[in-house]
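**Student:** So that you have it, the file is entry-v8.cif, and it contains mmCIF, C-alpha atoms and all ligand atoms:
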data_data
#
loop_
_atom_site.label_atom_id
_atom_site.label_comp_id
_atom_site.auth_asym_id
_atom_site.auth_seq_id
_atom_site.Cartn_x
_atom_site.Cartn_y
_atom_site.Cartn_z
CA MET A 19 0.00 0.00 0.00
CA ILE A 20 1.31 3.45 -0.92
CA VAL A 21 0.66 5.84 1.93
CA ILE A 22 -0.64 9.15 0.58
CA THR A 23 0.22 12.47 2.17
CA PRO A 24 -2.80 14.77 1.69
CA SER A 25 -2.41 17.99 -0.27
CA ALA A 26 -3.44 20.18 2.67
CA GLY A 27 -4.10 20.19 6.38
CA ILE A 28 -2.29 20.67 9.66
CA PRO A 29 -2.01 17.89 12.25
CA TYR A 30 -3.74 18.11 15.62
CA PHE A 31 -2.19 16.65 18.78
CA PRO A 32 -3.79 15.30 22.00
CA PRO A 33 -3.62 18.68 23.84
CA ASP A 34 -5.59 20.24 20.93
CA ILE A 35 -8.31 17.62 21.22
CA ILE A 36 -8.48 17.88 25.02
CA LYS A 37 -8.69 21.67 24.86
CA SER A 38 -11.44 21.62 22.25
CA ALA A 39 -13.40 19.13 24.44
CA THR A 40 -13.35 21.71 27.26
CA GLY A 41 -15.06 24.08 24.84
CA ILE A 42 -18.22 21.95 24.92
CA PHE A 43 -18.82 23.19 28.47
CA ARG A 44 -17.79 26.79 27.94
CA THR A 45 -20.03 29.72 27.11
CA LYS A 46 -19.83 32.13 24.19
CA ARG A 47 -17.68 34.43 26.28
CA ALA A 48 -14.77 31.98 25.90
CA ILE A 49 -14.59 32.99 22.22
CA ASN A 50 -13.31 36.40 23.35
CA ILE A 51 -10.21 34.73 24.77
CA PHE A 52 -9.33 33.31 21.35
CA GLU A 53 -9.99 36.68 19.70
CA ARG A 54 -7.73 38.53 22.18
CA LYS A 55 -4.97 35.93 21.71
CA ILE A 56 -5.21 36.39 17.94
CA GLU A 57 -4.88 40.16 18.47
CA ASN A 58 -1.74 39.55 20.52
CA PHE A 59 -0.30 37.29 17.84
CA PHE A 60 -0.85 39.82 15.08
CA GLY A 61 -0.05 42.83 17.23
CA ALA A 62 -3.19 44.38 15.75
CA LYS A 63 -6.76 45.13 16.84
CA TYR A 64 -9.69 44.30 16.47
CA PHE A 65 -10.58 40.68 15.60
CA ILE A 66 -14.02 39.08 15.58
CA ALA A 67 -14.42 35.32 15.06
CA THR A 68 -17.15 33.84 12.83
CA ASN A 69 -17.99 30.35 11.58
CA SER A 70 -16.17 30.82 8.24
CA GLY A 71 -14.20 33.18 6.06
CA THR A 72 -17.28 33.47 3.85
CA THR A 73 -19.37 34.67 6.81
CA ALA A 74 -16.62 37.11 7.85
CA PHE A 75 -16.73 38.62 4.34
CA TYR A 76 -20.54 38.71 4.39
CA ILE A 77 -20.63 40.62 7.70
CA ILE A 78 -18.05 43.11 6.39
CA LEU A 79 -20.16 43.69 3.27
CA LEU A 80 -23.35 44.21 5.30
CA PHE A 81 -21.49 46.76 7.40
CA LEU A 82 -20.01 48.67 4.44
CA LYS A 83 -23.37 48.66 2.68
CA SER A 84 -25.05 50.10 5.78
CA ILE A 85 -22.68 53.10 5.89
CA SER A 86 -22.60 53.83 2.13
CA PRO A 87 -24.94 55.49 -0.40
CA SER A 88 -27.43 52.98 -1.82
CA ASP A 89 -26.12 53.26 -5.41
CA LYS A 90 -22.71 51.94 -4.38
CA LYS A 91 -23.23 48.29 -5.12
CA GLU A 92 -20.19 46.92 -6.96
CA VAL A 93 -17.57 44.73 -5.36
CA ILE A 94 -14.48 44.21 -7.54
CA LEU A 95 -12.60 40.93 -7.17
CA PRO A 96 -10.16 38.86 -9.23
CA ALA A 97 -11.53 36.61 -11.97
CA TYR A 98 -9.44 33.74 -10.63
CA THR A 99 -10.14 33.08 -6.97
CA ALA A 100 -12.49 31.05 -4.73
CA PRO A 101 -15.90 30.87 -6.50
CA SER A 102 -17.60 30.83 -3.07
CA LEU A 103 -16.77 34.54 -2.70
CA ILE A 104 -19.63 35.35 -5.06
CA LEU A 105 -22.21 34.01 -2.57
CA PRO A 106 -21.80 36.58 0.25
CA ILE A 107 -21.69 39.42 -2.30
CA LYS A 108 -25.04 38.33 -3.77
CA ARG A 109 -26.58 37.55 -0.37
CA ALA A 110 -25.65 41.07 0.81
CA GLY A 111 -27.60 42.44 -2.17
CA LEU A 112 -24.43 43.64 -3.95
CA GLU A 113 -22.95 43.02 -7.40
CA PRO A 114 -19.69 41.19 -8.12
CA LYS A 115 -17.46 42.68 -10.83
CA LEU A 116 -14.38 40.85 -12.05
CA ALA A 117 -10.89 42.03 -12.96
CA ASP A 118 -8.28 39.85 -14.64
CA ILE A 119 -5.24 38.54 -12.80
CA HIS A 120 -1.66 39.47 -13.67
CA PRO A 121 0.10 36.65 -15.55
CA GLU A 122 3.32 37.13 -13.57
CA THR A 123 2.05 37.44 -10.00
CA PHE A 124 -0.97 35.03 -10.36
CA ASN A 125 -2.78 37.60 -8.20
CA MET A 126 -5.18 40.36 -9.20
CA ASP A 127 -3.82 43.02 -11.54
CA ILE A 128 -4.04 46.16 -9.44
CA GLN A 129 -3.79 48.41 -12.51
CA LYS A 130 -6.85 46.72 -14.04
CA VAL A 131 -8.69 47.08 -10.74
CA LEU A 132 -8.05 50.82 -10.75
CA GLU A 133 -9.43 51.04 -14.29
CA SER A 134 -12.57 49.11 -13.28
CA ILE A 135 -13.57 51.44 -10.44
CA THR A 136 -16.69 53.48 -11.16
CA LYS A 137 -19.05 55.67 -9.10
CA LYS A 138 -20.97 52.50 -8.27
CA THR A 139 -17.97 50.75 -6.70
CA LEU A 140 -18.37 50.08 -3.01
CA SER A 141 -15.31 47.99 -2.44
CA VAL A 142 -12.25 46.30 -3.90
CA LEU A 143 -11.49 42.85 -2.55
CA VAL A 144 -7.72 42.37 -2.52
CA VAL A 145 -7.27 38.58 -2.46
CA HIS A 146 -3.83 37.34 -1.44
CA MET A 147 -4.04 34.01 -3.31
CA PHE A 148 -1.95 30.93 -2.44
CA GLY A 149 -0.42 32.85 0.49
CA ILE A 150 1.24 35.35 -1.87
CA PRO A 151 0.73 38.98 -0.81
CA VAL A 152 -0.64 41.48 -3.32
CA ASP A 153 1.50 44.59 -3.35
CA PHE A 154 -1.26 47.21 -3.16
CA LYS A 155 0.34 49.81 -0.89
CA HIS A 156 1.02 52.25 -3.74
CA VAL A 157 -2.66 52.33 -4.82
CA GLN A 158 -4.28 52.25 -1.39
CA GLU A 159 -4.54 56.04 -1.16
CA SER A 160 -5.92 56.54 -4.66
CA ILE A 161 -8.59 53.89 -4.06
CA LYS A 162 -9.53 55.54 -0.77
CA LYS A 163 -9.81 58.94 -2.47
CA LYS A 164 -12.48 57.45 -4.73
CA ASP A 165 -14.54 56.59 -1.63
CA VAL A 166 -13.97 52.90 -2.23
CA TYR A 167 -13.18 50.53 0.63
CA VAL A 168 -10.33 48.05 0.34
CA ILE A 169 -11.14 44.70 1.95
CA GLU A 170 -8.24 42.29 2.26
CA ASP A 171 -8.97 38.60 1.75
CA ALA A 172 -6.23 36.88 3.72
CA ALA A 173 -8.12 33.56 3.79
CA SER A 174 -5.14 31.79 2.20
CA SER A 175 -2.36 34.02 3.43
CA MET A 176 -2.46 33.97 7.21
CA GLY A 177 1.06 34.67 8.47
CA SER A 178 2.34 36.17 5.19
CA LYS A 179 3.80 39.65 5.40
CA ILE A 180 4.56 42.49 3.05
CA TYR A 181 6.52 45.60 4.07
CA GLY A 182 6.77 43.95 7.50
CA LYS A 183 2.97 43.87 8.01
CA TYR A 184 0.73 40.83 8.15
CA THR A 185 -1.61 40.47 5.17
CA GLY A 186 -5.18 40.96 6.30
CA THR A 187 -4.18 43.83 8.62
CA ILE A 188 -2.72 46.25 6.04
CA ALA A 189 -6.00 47.83 4.94
CA GLU A 190 -8.54 49.00 7.51
CA ILE A 191 -10.71 45.93 6.97
CA GLY A 192 -9.78 42.33 6.25
CA PHE A 193 -10.68 38.72 6.91
CA PHE A 194 -9.11 35.29 7.34
CA SER A 195 -10.26 31.69 7.03
CA LEU A 196 -9.54 28.84 9.42
CA ASN A 197 -11.00 26.08 7.30
CA ARG A 198 -9.25 22.75 7.00
CA GLY A 199 -7.23 23.61 3.91
CA LYS A 200 -5.85 26.90 5.15
CA ASN A 201 -2.47 27.93 6.61
CA THR A 202 -3.75 27.04 10.04
CA SER A 203 -7.10 25.57 10.89
CA ASN A 204 -9.76 25.13 13.56
CA LEU A 205 -11.65 22.72 11.26
CA THR A 206 -13.61 25.75 10.06
CA GLY A 207 -13.74 29.38 11.07
CA GLY A 208 -13.28 32.95 10.01
CA LEU A 209 -11.84 36.13 11.46
CA ILE A 210 -12.85 39.69 10.70
CA TYR A 211 -10.13 42.32 11.10
CA LEU A 212 -11.20 45.88 11.75
CA ARG A 213 -8.79 48.72 12.55
CA ASN A 214 -11.23 51.43 13.58
CA LYS A 215 -12.71 51.18 17.03
CA GLU A 216 -15.68 53.36 16.00
CA ASN A 217 -16.86 50.60 13.64
CA LEU A 218 -16.36 47.78 16.11
CA LYS A 219 -19.70 48.05 17.89
CA ARG A 220 -21.74 47.89 14.66
CA VAL A 221 -19.77 45.02 13.17
CA LYS A 222 -19.96 43.10 16.46
CA LYS A 223 -23.70 43.63 16.48
CA LEU A 224 -24.04 42.26 12.93
CA ALA A 225 -21.90 39.22 13.81
CA GLY A 226 -23.71 38.80 17.14
CA ASP A 227 -27.12 38.79 15.45
CA LEU A 228 -26.24 35.57 13.62
CA PRO A 229 -27.69 32.39 15.11
CA SER A 230 -25.48 30.39 17.46
CA ILE A 231 -25.16 26.61 17.44
CA SER A 232 -26.79 24.31 20.01
CA SER A 233 -24.99 22.13 22.58
CA LEU A 234 -25.69 19.10 20.43
CA GLN A 235 -24.09 20.80 17.43
CA LYS A 236 -21.09 21.61 19.60
CA ILE A 237 -20.66 17.91 20.34
CA ASN A 238 -21.00 17.18 16.63
CA THR A 239 -18.30 19.78 15.91
CA PHE A 240 -16.03 18.14 18.46
CA ALA A 241 -16.58 14.76 16.77
CA LYS A 242 -15.63 16.30 13.42
CA ILE A 243 -12.44 17.73 14.92
CA CYS A 244 -11.55 14.21 16.17
CA GLY A 245 -12.28 12.86 12.69
CA LEU A 246 -10.14 15.52 11.02
CA SER A 247 -7.26 14.90 13.42
CA LEU A 248 -7.13 11.34 12.02
CA ALA A 249 -7.96 12.21 8.43
CA VAL A 250 -4.95 14.50 7.93
CA ARG A 251 -2.50 11.79 9.04
CA PRO A 252 -1.13 10.08 5.91
CA PHE A 253 -1.84 6.50 7.10
CA PHE A 254 -5.47 7.19 8.07
CA TYR A 255 -5.92 9.46 5.07
CA THR A 256 -4.99 6.54 2.81
CA VAL A 257 -7.09 3.96 4.63
CA LEU A 258 -10.12 6.22 5.05
CA ASN A 259 -9.91 7.73 1.56
CA PRO A 260 -13.25 6.42 0.24
CA LEU A 261 -14.98 8.02 3.23
CA ILE A 262 -12.90 11.23 3.23
CA SER A 263 -13.54 11.93 -0.45
CA LYS A 264 -17.23 12.29 0.40
CA TYR A 265 -16.36 15.33 2.55
CA LYS A 266 -14.33 17.05 -0.13
CA TYR A 267 -15.90 19.92 -2.04
CA THR A 268 -16.53 18.71 -5.57
CA THR A 269 -19.46 20.84 -6.66
CA LEU A 270 -20.02 24.56 -6.65
CA HIS A 271 -21.58 25.76 -3.40
CA LYS A 272 -25.00 27.35 -3.89
CA ASP A 273 -25.29 28.88 -0.42
CA PHE A 274 -23.43 29.15 2.88
CA ASP A 275 -24.31 28.86 6.56
CA ALA A 276 -23.74 31.98 8.61
CA TYR A 277 -23.36 31.34 12.34
CA GLN A 278 -21.61 32.85 15.31
CA TYR A 279 -18.38 31.10 16.24
CA ASN A 280 -18.49 28.45 18.96
CA SER A 281 -16.43 27.72 22.06
CA VAL A 282 -15.29 24.25 20.88
CA GLN A 283 -13.46 25.65 17.88
CA SER A 284 -12.22 28.76 19.67
CA ALA A 285 -10.75 26.52 22.39
CA LEU A 286 -9.02 24.44 19.69
CA GLY A 287 -7.76 27.70 18.20
CA GLU A 288 -6.21 28.77 21.51
CA GLU A 289 -4.12 25.60 21.56
CA VAL A 290 -3.15 25.57 17.87
CA LEU A 291 -2.19 29.25 18.12
CA LYS A 292 0.79 28.21 20.25
CA ARG A 293 2.24 26.60 17.09
CA TYR A 294 1.39 29.32 14.54
CA LYS A 295 4.99 30.55 14.31
CA ILE A 296 6.39 27.09 13.60
CA ILE A 297 3.58 26.17 11.18
CA PHE A 298 4.14 29.38 9.20
CA LYS A 299 7.92 28.86 9.25
CA LEU A 300 7.60 25.34 7.80
CA ARG A 301 5.21 26.46 5.06
CA LYS A 302 7.61 29.24 4.12
CA ARG A 303 10.60 26.90 4.16
CA ASN A 304 8.83 24.30 1.98
CA GLY A 305 7.66 26.95 -0.49
CA ASP A 306 11.12 28.53 -0.70
CA MET A 307 12.69 25.12 -1.38
CA LEU A 308 10.19 24.41 -4.17
CA TYR A 309 10.87 27.81 -5.66
CA LYS A 310 14.61 27.23 -5.73
CA GLY A 311 14.28 23.74 -7.19
CA LEU A 312 11.81 24.66 -9.95
CA LYS A 313 12.72 28.19 -10.97
CA ASN A 314 15.03 27.21 -13.85
CA ASN A 315 12.49 24.98 -15.59
CA SER A 316 11.42 26.74 -18.79
CA ASN A 317 8.30 24.54 -19.12
CA LEU A 318 6.87 26.06 -15.96
CA VAL A 319 5.79 29.53 -14.91
CA LEU A 320 6.31 30.35 -11.25
CA PRO A 321 4.71 33.42 -9.67
CA THR A 322 6.87 36.52 -9.33
CA LEU A 323 6.86 37.29 -5.61
CA PRO A 324 6.66 40.91 -4.49
CA HIS A 325 9.74 42.50 -2.98
CA ASN A 326 9.67 42.88 0.76
CA ALA A 327 7.31 39.92 1.11
CA GLU A 328 7.54 36.98 3.47
CA VAL A 329 5.40 34.31 1.85
CA VAL A 330 3.71 31.67 3.99
CA PHE A 331 2.63 29.45 1.10
CA ASN A 332 -0.79 27.91 1.49
CA GLN A 333 0.11 25.64 -1.42
CA PHE A 334 2.81 26.29 -3.99
CA PRO A 335 1.32 27.31 -7.37
CA ILE A 336 2.99 26.33 -10.64
CA VAL A 337 1.72 26.85 -14.16
CA VAL A 338 2.54 23.87 -16.37
CA LYS A 339 2.70 25.37 -19.86
CA ASN A 340 1.72 22.10 -21.52
CA LYS A 341 -1.73 21.30 -20.06
CA LYS A 342 -1.37 17.55 -20.59
CA ASN A 343 1.81 17.45 -18.51
CA LYS A 344 -0.08 18.90 -15.54
CA GLU A 345 -2.13 15.70 -15.34
CA ILE A 346 0.96 13.53 -15.82
CA ILE A 347 2.76 15.26 -12.94
CA PHE A 348 -0.36 14.89 -10.78
CA ARG A 349 -0.41 11.12 -11.45
CA LYS A 350 3.34 10.58 -11.06
CA LEU A 351 3.35 12.36 -7.70
CA LEU A 352 0.35 10.37 -6.52
CA GLU A 353 2.17 7.15 -7.44
CA VAL A 354 4.85 8.07 -4.88
CA GLY A 355 2.25 9.07 -2.27
CA ILE A 356 2.15 12.84 -2.74
CA GLU A 357 -1.25 14.40 -3.39
CA THR A 358 -1.47 17.65 -5.37
CA THR A 359 -4.54 19.60 -6.52
CA PHE A 360 -5.73 21.63 -9.49
CA LEU A 361 -7.82 23.87 -7.18
CA TYR A 362 -10.47 25.62 -9.27
CA GLU A 363 -10.16 24.47 -12.88
CA LYS A 364 -12.24 27.39 -14.15
CA PRO A 365 -12.19 31.16 -13.60
CA LEU A 366 -15.18 32.71 -11.84
CA HIS A 367 -17.00 33.84 -14.97
CA HIS A 368 -16.97 30.27 -16.30
CA PHE A 369 -18.76 29.13 -13.15
CA TYR A 370 -21.03 32.19 -13.29
CA PRO A 371 -21.45 33.18 -16.99
CA GLU A 372 -23.50 36.24 -16.00
CA LEU A 373 -20.26 37.78 -14.63
CA SER A 374 -18.74 37.88 -18.08
CA PRO A 375 -18.92 41.40 -19.54
CA ASP A 376 -18.52 39.98 -23.05
CA ARG A 377 -19.90 36.57 -23.96
CA LYS A 378 -18.19 36.40 -27.37
CA LYS A 379 -14.60 37.32 -26.53
CA GLU A 380 -12.73 35.86 -23.54
CA PRO A 381 -12.72 38.85 -21.14
CA PHE A 382 -10.18 37.56 -18.62
CA PRO A 383 -7.66 35.53 -20.62
CA TYR A 384 -4.95 35.34 -17.95
CA SER A 385 -7.39 33.96 -15.39
CA LEU A 386 -8.46 31.27 -17.87
CA PHE A 387 -4.84 30.45 -18.75
CA LEU A 388 -4.00 30.04 -15.05
CA ALA A 389 -7.09 27.97 -14.25
CA GLU A 390 -6.34 25.46 -16.99
CA ARG A 391 -2.65 24.97 -16.21
CA LEU A 392 -2.40 25.44 -12.46
CA LEU A 393 -1.03 22.70 -10.24
CA LEU A 394 -0.71 23.21 -6.51
CA LEU A 395 2.11 21.52 -4.65
CA PRO A 396 1.80 20.86 -0.92
CA THR A 397 3.72 23.02 1.58
CA HIS A 398 2.04 22.02 4.86
CA PRO A 399 3.99 20.96 7.96
CA GLN A 400 3.71 17.22 7.23
CA ILE A 401 5.78 17.56 4.03
CA SER A 402 9.38 16.61 4.83
CA THR A 403 12.44 17.98 3.02
CA GLN A 404 12.85 14.54 1.44
CA LYS A 405 9.33 14.79 -0.01
CA ILE A 406 10.08 18.28 -1.32
CA ARG A 407 13.15 16.89 -3.10
CA THR A 408 11.00 14.14 -4.65
CA ILE A 409 8.43 16.70 -5.81
CA ILE A 410 11.15 18.82 -7.42
CA GLU A 411 12.63 15.80 -9.22
CA ILE A 412 9.29 14.58 -10.58
CA VAL A 413 8.01 18.01 -11.62
CA ASN A 414 11.29 18.79 -13.40
CA GLU A 415 11.24 15.43 -15.17
CA TYR A 416 7.64 15.55 -16.46
CA ALA A 417 6.95 19.28 -16.98
C1 LIG B 501 -9.32 33.15 -1.24
C2 LIG B 501 -10.43 32.65 -0.37
N1 LIG B 501 -11.31 33.52 0.17
C3 LIG B 501 -12.32 33.10 0.96
C4 LIG B 501 -12.52 31.77 1.23
C5 LIG B 501 -13.68 31.36 2.09
O1 LIG B 501 -13.25 30.87 3.35
P1 LIG B 501 -14.15 29.77 4.14
O2 LIG B 501 -13.93 28.46 3.46
O3 LIG B 501 -13.60 29.79 5.52
O4 LIG B 501 -15.53 30.23 4.07
C6 LIG B 501 -11.65 30.84 0.69
C7 LIG B 501 -11.86 29.40 0.95
O5 LIG B 501 -11.53 28.51 0.24
C8 LIG B 501 -10.57 31.27 -0.13
O6 LIG B 501 -9.72 30.42 -0.68
#
Represent the structure from my file as structure tokens, please.

**Tutor:**
Amino acid sequence: MIVITPSAGIPYFPPDIIKSATGIFRTKRAINIFERKIENFFGAKYFIATNSGTTAFYIILLFLKSISPSDKKEVILPAYTAPSLILPIKRAGLEPKLADIHPETFNMDIQKVLESITKKTLSVLVVHMFGIPVDFKHVQESIKKKDVYVIEDAASSMGSKIYGKYTGTIAEIGFFSLNRGKNTSNLTGGLIYLRNKENLKRVKKLAGDLPSISSLQKINTFAKICGLSLAVRPFFYTVLNPLISKYKYTTLHKDFDAYQYNSVQSALGEEVLKRYKIIFKLRKRNGDMLYKGLKNNSNLVLPTLPHNAEVVFNQFPIVVKNKKNKEIIFRKLLEVGIETTFLYEKPLHHFYPELSPDRKKEPFPYSLFLAERLLLLPTHPQISTQKIRTIIEIVNEYA
């Protein structure tokens, strides 16, 4: 049997499980402890926990909508990113508007974003994809002058820095995800970041008005955490694969659940937080090694990383110029027990055709190019240096 290391996930240890069990008996107030510890970690205020990154984004949108003129309805986001981001925009009664990515950075093209801003624009969502920071400092002021809010999506980039600042805390508003595929995880979860104290009360009220989960659901959450703690271990991942694949997202989400956070997951978060520095360090080390080992391969495109950035790679993105070779590399790596992913194989406007400004001509060609050729290599803490060497060898051989 070939033991397969999953493409994502961080391991949990007995103290994590014990701590999350204590959360079953704690009240909502315990969630504040996790939030304050997160603030200490980031050296930034204010953080509010929610049940997912999607909910965090939704609450932010409701807030911005409530303080803005009613004709400001557009939210600009990259054409290649998580398709689920469209759901909170629509549910908040707003309109998504796409901008192409930059072929070199794999992230949104800030120049194109600036060109897309109109009087109707409420907000620009700066998504730091794959853990790679978007360098948006130079345009922050000009966006602000247009009365447009920058929201940072640091769902995949927790721990990454640019100009010495953590992504997600550079603009005045941001959010993070703690779902099971992210840089660090509480099974699921989201964090809103808000710099201005004046806004805190209103955002807290919006988040606090969401329903909370019952005691029975808390026990269910704890059981899922126990399940995940096994599922991310390569041996159990391999043995339990037929069952685990049922829990993987394979279809486009049509809606999302918006709840308050719960004390089981916040208790887990308190324990995992003690390892954030080491988890982020390992992800960075693994990503840097992959970069070094693959950068001279002319059959690949690697992202150009911004200067002054410290990249905590969520997964390491490579573009395999020859589409067919992407699948070959995927298979060859799986044969030696290393799982990779294609992530989203389509840009957003191919999932949602109504977001395409022009149905005849491809409006966002770089996003399509990336979606079709992207392969994500694992960088999580369970990937040893030996495995990284194997990945480099196989990718270089078959690209
Ligand atoms: C870039 C990005 N933003 C937002 C989200 C949503 O986060 P969550 O899964 O916690 O709702 C994701 C999740 O995959 C993501 O990748």

**Student:** When the cut-off is 9 Å and you count all atoms listed in the file, which residues lie near ligand LIG 501 (chain B), shown as a PyMOL selection string?

**Tutor:** chain A and resi 69-75+99-103+145-148+171-175+193-200+206-209+274

**Student:** What does the distance from atom CA of A:His120 to atom CA of A:Pro324 come to in Å, to one decimal?

**Tutor:** 12.5 Å

**Student:** By how many Å are atom CA of A:Thr45 and atom CA of A:Ser233 apart?

**Tutor:**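 Between these atoms lies a distance of 10.1 Å.
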
**Student:** Between atom CA of A:Tyr167 and atom CA of A:Pro151, what distance in Å does the model show, to one decimal?

**Tutor:**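 Atom CA of A:Pro151 lies at a distance of 18.1 Å from atom CA of A:Tyr167.
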
**Student:** Find the residues with any atom within 12 Å of (6.0, 31.4, 4.1); use only C-alpha atoms and the coordinates as given in the file, and write the answer as a ChimeraX atom specification.

**Tutor:** /A:148-151,174-180,184-185,201,294-309,323,327-334,397-399

**Student:** Find the residues around A:Thr40 up to 12 Å (only C-alpha atoms counted), leave out those fewer than 5 positions away in its own chain, and share them as a list in words.

**Tutor:** Pro33, Asp34, Ile35, Thr45, Ala48, Lys236, Ile237, Phe240, Asn280, Ser281, Val282, Gln283, Ser284, Ala285, Leu286, Glu288 and Glu289 of chain A

**Student:** Nearest to A:Lys155: which of A:Asn326, A:Phe31, A:Ala249, A:Asn217 is it, counting all atoms listed in the file?

**Tutor:**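 Distance minimum relative to A:Lys155 lands on A:Asn326.
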
**Student:** So that I can see what lies close to A:Phe387, please list as a list in words the residues with an atom at most 10 Å from it, counting only C-alpha atoms and leaving out residues fewer than 3 positions away in the same chain.

**Tutor:**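 Listed by chain and then number, they are Tyr98, Pro121, Val337, Lys339, Lys341, Glu363, Lys364, Pro365, Phe382, Pro383, Tyr384, Glu390, Arg391 and Leu392 of chain A.
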
**Student:** Considering only C-alpha atoms, state which residue in the set A:Ala389, A:Ile77, A:Leu366, A:Ala241 is at the smallest distance from A:Leu116.

**Tutor:** A:Leu366

**Student:** For A:Ile94, which residue among A:His368, A:Lys313, A:Lys115, A:Arg407 is the nearest when counting all atoms listed in the file?

**Tutor:**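 Among the listed residues, the smallest separation from A:Ile94 belongs to A:Lys115.
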
**Student:** Go through stretch 76-182 of chain A and flag each residue having an atom no more than 12 Å from stretch 61-68 of chain A; for those, report the closest pair of atoms plus their distance in Å to one decimal, using all atoms listed in the file, ordered by chain and rising number, as JSON lines.

**Tutor:**
{"residue": "A:Tyr76", "atom": "CA", "partner": "A:Thr68", "partner_atom": "CA", "distance": 10.3}
{"residue": "A:Ile77", "atom": "CA", "partner": "A:Thr68", "partner_atom": "CA", "distance": 9.2}
{"residue": "A:Ile78", "atom": "CA", "partner": "A:Ile66", "partner_atom": "CA", "distance": 10.8}
{"residue": "A:Gly182", "atom": "CA", "partner": "A:Gly61", "partner_atom": "CA", "distance": 11.9}

**Student:** Convert the current residue selection to file output with C-alpha atoms, as a tab-separated table (two decimals), in the coordinates of the input.

**Tutor:**
chain	number	residue	atom	x	y	z
A	76	TYR	CA	-20.54	38.71	4.39
A	77	ILE	CA	-20.63	40.62	7.70
A	78	ILE	CA	-18.05	43.11	6.39
A	182	GLY	CA	6.77	43.95	7.50

**Student:** Pick from A:Ile42, A:Leu212, A:Ile410, A:Val166: nearest to A:Leu318, with only C-alpha atoms counted?

**Tutor:**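 Of the candidates, the smallest distance to A:Leu318 is held by A:Ile410.
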
**Student:** For a quick check of your reading of the model, name the residues lying within 7 Å of the coordinate (-20.0, 36.6, -8.1), counting only C-alpha atoms, and write them as a PyMOL selection string.

**Tutor:** chain A and resi 103-105+107-108+114+370+373

**Student:** Compare A:Pro260, A:Leu270, A:Lys405, A:Ser316 by their minimum atom-to-atom distance to A:Tyr362, counting only C-alpha atoms, and give me the closest one.

**Tutor:** A:Leu270

**Student:** Quick one: everything within 10 Å of A:Ala417, counting all atoms listed in the file, minus sequence neighbours fewer than 3 positions away in the same chain. Send it as a list of chain:residue names.

**Tutor:**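 Here the answer would be A:Asn315, A:Ser316, A:Asn317, A:Leu318, A:Val337, A:Val338, A:Lys339, A:Asn340, A:Lys341, A:Lys342, A:Asn343, A:Lys344, A:Glu345, A:Ile346, A:Ile347, A:Ile412, A:Val413, A:Asn414.
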
**Student:** Box along x, y and z, 5 Å on every side, all listed atoms of stretch 138-141 of chain A inside: centre and edge lengths in Å to one decimal, as AutoDock Vina command-line options.

**Tutor:**
--center_x -18.1 --center_y 50.2 --center_z -5.4 --size_x 15.7 --size_y 14.5 --size_z 15.8

**Student:** A:Arg349, A:Thr202, A:Ser38, A:Pro32: which is nearest A:Leu291, counting only C-alpha atoms?

**Tutor:**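 So, comparing all the options, the nearest one is A:Thr202.
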